[in-house]
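Student: File input_33.cif follows (mmCIF, C-alpha atoms and all ligand atoms; chains and numbers go by the auth columns):
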data_query
loop_
_atom_site.group_PDB
_atom_site.id
_atom_site.type_symbol
_atom_site.label_atom_id
_atom_site.label_comp_id
_atom_site.label_asym_id
_atom_site.label_seq_id
_atom_site.Cartn_x
_atom_site.Cartn_y
_atom_site.Cartn_z
_atom_site.B_iso_or_equiv
_atom_site.auth_seq_id
_atom_site.auth_asym_id
ATOM 1 C CA MET A 1 111.045 48.298 129.803 0.00 223 A
ATOM 2 C CA LYS A 2 112.495 50.802 127.366 0.00 224 A
ATOM 3 C CA LYS A 3 115.267 49.593 125.075 0.00 225 A
ATOM 4 C CA TYR A 4 118.112 51.625 123.665 0.00 226 A
ATOM 5 C CA LYS A 5 120.031 51.134 120.451 0.00 227 A
ATOM 6 C CA LEU A 6 123.660 50.119 120.881 0.00 228 A
ATOM 7 C CA ASN A 7 125.897 50.466 117.818 0.00 229 A
ATOM 8 C CA VAL A 8 129.281 48.822 118.201 0.00 230 A
ATOM 9 C CA ILE A 9 131.985 49.325 115.596 0.00 231 A
ATOM 10 C CA HIS A 10 134.507 46.522 115.457 0.00 232 A
ATOM 11 C CA ASP A 11 137.112 46.219 112.705 0.00 233 A
ATOM 12 C CA GLY A 12 135.255 48.902 110.749 0.00 234 A
ATOM 13 C CA ILE A 13 131.959 46.983 110.789 0.00 235 A
ATOM 14 C CA LYS A 14 128.950 48.356 112.638 0.00 236 A
ATOM 15 C CA HIS A 15 126.907 45.912 114.734 0.00 237 A
ATOM 16 C CA THR A 16 123.560 47.024 116.118 0.00 238 A
ATOM 17 C CA ASP A 17 121.240 45.648 118.763 0.00 239 A
ATOM 18 C CA LYS A 18 118.788 46.944 121.358 0.00 240 A
ATOM 19 C CA PHE A 19 119.107 46.519 125.098 0.00 241 A
ATOM 20 C CA SER A 20 117.472 47.741 128.272 0.00 242 A
ATOM 21 C CA SER A 21 119.503 49.451 130.985 0.00 243 A
ATOM 22 C CA ASP A 22 119.533 46.290 133.120 0.00 244 A
ATOM 23 C CA ASN A 23 122.964 45.066 132.056 0.00 245 A
ATOM 24 C CA SER A 24 126.233 46.917 131.676 0.00 246 A
ATOM 25 C CA ILE A 25 127.285 47.940 128.183 0.00 247 A
ATOM 26 C CA LEU A 26 130.141 45.420 128.502 0.00 248 A
ATOM 27 C CA GLU A 27 127.615 42.625 129.036 0.00 249 A
ATOM 28 C CA CYS A 28 125.614 43.907 126.049 0.00 250 A
ATOM 29 C CA ILE A 29 128.706 43.881 123.801 0.00 251 A
ATOM 30 C CA GLU A 30 129.611 40.384 125.015 0.00 252 A
ATOM 31 C CA SER A 31 126.096 39.165 124.251 0.00 253 A
ATOM 32 C CA MET A 32 126.598 40.467 120.693 0.00 254 A
ATOM 33 C CA MET A 33 129.512 37.979 120.529 0.00 255 A
ATOM 34 C CA LEU A 34 132.013 40.752 119.831 0.00 256 A
ATOM 35 C CA PRO A 35 135.542 40.451 121.210 0.00 257 A
ATOM 36 C CA ILE A 36 136.140 42.981 123.945 0.00 258 A
ATOM 37 C CA SER A 37 138.822 42.922 126.597 0.00 259 A
ATOM 38 C CA SER A 38 137.891 42.975 130.256 0.00 260 A
ATOM 39 C CA SER A 39 139.495 42.151 133.531 0.00 261 A
ATOM 40 C CA CYS A 40 138.337 43.757 136.784 0.00 262 A
ATOM 41 C CA ARG A 41 134.768 44.533 135.611 0.00 263 A
ATOM 42 C CA ARG A 42 134.686 47.281 138.244 0.00 264 A
ATOM 43 C CA GLY A 43 136.054 50.299 136.384 0.00 265 A
ATOM 44 C CA ARG A 44 139.588 50.054 137.697 0.00 266 A
ATOM 45 C CA CYS A 45 141.821 48.451 135.057 0.00 267 A
ATOM 46 C CA LYS A 46 140.484 50.250 131.947 0.00 268 A
ATOM 47 C CA ALA A 47 140.906 47.060 129.896 0.00 269 A
ATOM 48 C CA CYS A 48 137.388 47.416 128.522 0.00 270 A
ATOM 49 C CA LYS A 49 137.691 51.071 127.434 0.00 271 A
ATOM 50 C CA VAL A 50 135.740 51.912 124.251 0.00 272 A
ATOM 51 C CA VAL A 51 135.620 55.110 122.210 0.00 273 A
ATOM 52 C CA VAL A 52 132.261 56.852 122.116 0.00 274 A
ATOM 53 C CA LYS A 53 131.312 57.937 118.600 0.00 275 A
ATOM 54 C CA SER A 54 128.028 59.596 119.480 0.00 276 A
ATOM 55 C CA LYS A 55 127.616 62.629 121.683 0.00 277 A
ATOM 56 C CA ILE A 56 127.501 61.846 125.366 0.00 278 A
ATOM 57 C CA HIS A 57 127.042 63.981 128.395 0.00 279 A
ATOM 58 C CA ASN A 58 129.160 62.270 130.997 0.00 280 A
ATOM 59 C CA GLY A 59 130.484 65.507 132.401 0.00 281 A
ATOM 60 C CA LEU A 60 134.042 64.228 132.169 0.00 282 A
ATOM 61 C CA GLY A 61 134.953 65.811 128.847 0.00 283 A
ATOM 62 C CA VAL A 62 136.279 62.545 127.495 0.00 284 A
ATOM 63 C CA ASN A 63 135.226 60.565 124.474 0.00 285 A
ATOM 64 C CA TYR A 64 135.520 57.150 126.003 0.00 286 A
ATOM 65 C CA ILE A 65 133.656 55.107 128.577 0.00 287 A
ATOM 66 C CA LEU A 66 134.335 52.051 130.657 0.00 288 A
ATOM 67 C CA PRO A 67 131.469 49.797 129.569 0.00 289 A
ATOM 68 C CA CYS A 68 131.831 47.478 132.562 0.00 290 A
ATOM 69 C CA ILE A 69 130.455 50.223 134.814 0.00 291 A
ATOM 70 C CA THR A 70 128.207 51.970 132.297 0.00 292 A
ATOM 71 C CA HIS A 71 124.574 51.223 131.559 0.00 293 A
ATOM 72 C CA LEU A 72 122.517 52.431 128.638 0.00 294 A
ATOM 73 C CA SER A 73 120.358 55.478 129.229 0.00 295 A
ATOM 74 C CA ASP A 74 120.160 56.570 125.579 0.00 296 A
ATOM 75 C CA ASP A 75 121.103 55.328 122.117 0.00 297 A
ATOM 76 C CA ILE A 76 124.871 55.202 121.759 0.00 298 A
ATOM 77 C CA GLU A 77 127.576 54.271 119.270 0.00 299 A
ATOM 78 C CA VAL A 78 130.927 53.008 120.498 0.00 300 A
ATOM 79 C CA GLU A 79 134.033 51.576 118.879 0.00 301 A
ATOM 80 C CA ILE A 80 136.074 48.743 120.311 0.00 302 A
ATOM 81 C CA LEU A 81 139.721 49.742 120.361 0.00 303 A
ATOM 82 C CA PRO A 82 142.111 47.418 118.595 0.00 304 A
ATOM 83 C CA LYS A 83 144.120 45.270 120.971 0.00 305 A
ATOM 84 C CA PRO A 84 147.658 46.521 121.494 0.00 306 A
ATOM 85 C CA ILE A 85 150.404 44.445 119.968 0.00 307 A
ATOM 86 C CA ILE A 86 152.826 43.403 122.650 0.00 308 A
ATOM 87 C CA ILE A 87 156.337 42.741 121.492 0.00 309 A
ATOM 88 C CA LYS A 88 158.476 41.020 124.036 0.00 310 A
ATOM 89 C CA LYS A 89 162.172 41.572 123.731 0.00 311 A
ATOM 90 C CA THR A 90 164.452 38.897 125.011 0.00 312 A
ATOM 91 C CA HIS A 91 168.167 38.941 125.523 0.00 313 A
ATOM 92 C CA ARG A 92 168.351 35.220 126.015 0.00 314 A
ATOM 93 C CA THR A 93 170.433 33.304 123.520 0.00 315 A
ATOM 94 C CA VAL A 94 168.788 30.166 122.275 0.00 316 A
ATOM 95 C CA THR A 95 170.946 27.432 120.835 0.00 317 A
ATOM 96 C CA ILE A 96 169.339 25.039 118.437 0.00 318 A
ATOM 97 C CA ASN A 97 171.160 21.761 117.972 0.00 319 A
ATOM 98 C CA PRO A 98 170.689 20.092 114.623 0.00 320 A
ATOM 99 C CA ILE A 99 169.229 16.605 114.659 0.00 321 A
ATOM 100 C CA TYR A 100 171.380 13.997 112.903 0.00 322 A
HETATM 101 S S1 LIG B . 137.066 45.593 132.945 0.00 401 B
HETATM 102 FE FE1 LIG B . 138.382 46.791 134.198 0.00 401 B
HETATM 103 S S2 LIG B . 137.700 48.820 133.839 0.00 401 B
HETATM 104 FE FE2 LIG B . 136.298 47.609 132.712 0.00 401 B
#
Produce structure tokens that represent the structure in this file.

Tutor:
Amino acid sequence: MKKYKLNVIHDGIKHTDKFSSDNSILECIESMMLPISSSCRRGRCKACKVVVKSKIHNGLGVNYILPCITHLSDDIEVEILPKPIIIKKTHRTVTINPIY
């Protein structure tokens, strides 16, 4: 079976491996032991969204894909988006009692 080159940029470092089209790109990235978010694994939540660095012809006019529902059909380079930093604001007052 034909294999395609998958380049994955994570934290500015390029990781490369070859895969067939059997598994989703998400499964390929996970097998490369790279941290990638996922949740639904059905293309609904967009948690796994990656930026496509190489030219693709998905007909959608976007530069990202959902790797959980995408399989390789050509060589491709993608970048894992940094995880968003979630800052939780609280209005609760916490009292700390000193220990004597
Ligand atoms: S894991 Fe939900 S869209 Fe990919």

Student: Neighbouring residues of ligand LIG 401 (chain B) are defined here as those with any atom at most 10 Å from a ligand atom, counting all atoms listed in the file; list them as a count of residues only.

Tutor: 22

Student: With distances taken over only C-alpha atoms, which residue among A:Val274, A:Leu256, A:Asp297, A:Ser246 lies nearest A:Lys224?

Tutor: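 Under the stated criterion, the closest residue is A:Asp297.
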
Student: What's the separation between atom CA of A:Asp244 and atom CA of A:Lys275, in Å to one decimal place?

Tutor: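 Straight-line distance from atom CA of A:Asp244 to atom CA of A:Lys275 works out to 22.0 Å.
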
Student: In Å to one decimal, how far is atom CA of A:Val273 from atom CA of A:Glu301?

Tutor: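 According to the coordinates, atom CA of A:Glu301 and atom CA of A:Val273 are separated by 5.1 Å.
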
Student: For a test of reading the model, state the distance in Å between atom CA of A:Lys277 and atom CA of A:Leu303, rounded to one decimal.

Tutor: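 Going from atom CA of A:Lys277 over to atom CA of A:Leu303, I get 17.7 Å.
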
Student: List as a ChimeraX atom specification the protein and nucleic acid residues near A:Tyr226, meaning an atom at most 8 Å away when only C-alpha atoms are counted, but skip any in the same chain fewer than 2 places from it.

Tutor: /A:224,228,240-243,294-298

Student: Care to translate the PyMOL selection byres (((chain A and resi 234) around 12) and not hetatm) into actual residues of this file, as a list in words?

Tutor: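 After applying the PyMOL selection byres (((chain A and resi 234) around 12) and not hetatm), what remains is Asn229, Val230, Ile231, His232, Asp233, Ile235, Lys236, His237, Val300, Glu301, Ile302, Leu303 and Pro304 of chain A.
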
Student: Create the file for the chosen residues now, containing C-alpha atoms and written as an mmCIF file, keeping the file's coordinate frame.

Tutor:
data_model
loop_
_atom_site.group_PDB
_atom_site.id
_atom_site.type_symbol
_atom_site.label_atom_id
_atom_site.label_comp_id
_atom_site.auth_asym_id
_atom_site.auth_seq_id
_atom_site.Cartn_x
_atom_site.Cartn_y
_atom_site.Cartn_z
ATOM 1 C CA ASN A 229 125.897 50.466 117.818
ATOM 2 C CA VAL A 230 129.281 48.822 118.201
ATOM 3 C CA ILE A 231 131.985 49.325 115.596
ATOM 4 C CA HIS A 232 134.507 46.522 115.457
ATOM 5 C CA ASP A 233 137.112 46.219 112.705
ATOM 6 C CA ILE A 235 131.959 46.983 110.789
ATOM 7 C CA LYS A 236 128.950 48.356 112.638
ATOM 8 C CA HIS A 237 126.907 45.912 114.734
ATOM 9 C CA VAL A 300 130.927 53.008 120.498
ATOM 10 C CA GLU A 301 134.033 51.576 118.879
ATOM 11 C CA ILE A 302 136.074 48.743 120.311
ATOM 12 C CA LEU A 303 139.721 49.742 120.361
ATOM 13 C CA PRO A 304 142.111 47.418 118.595
#

Student: Padding of 4 Å on every side, edges along x, y and z, all listed atoms of stretch 254-257 of chain A included: what centre and edge lengths in Å, to one decimal, does that box have, as JSON?

Tutor:
{"center_x": 131.1, "center_y": 39.4, "center_z": 120.5, "size_x": 16.9, "size_y": 10.8, "size_z": 9.4}

Student: Nearest to A:Asp239 among A:Glu299, A:Lys227, A:Glu252, A:Tyr286, with distances taken over only C-alpha atoms: which residue is it?

Tutor: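 Using only C-alpha atoms, A:Asp239 sits closest to A:Lys227.
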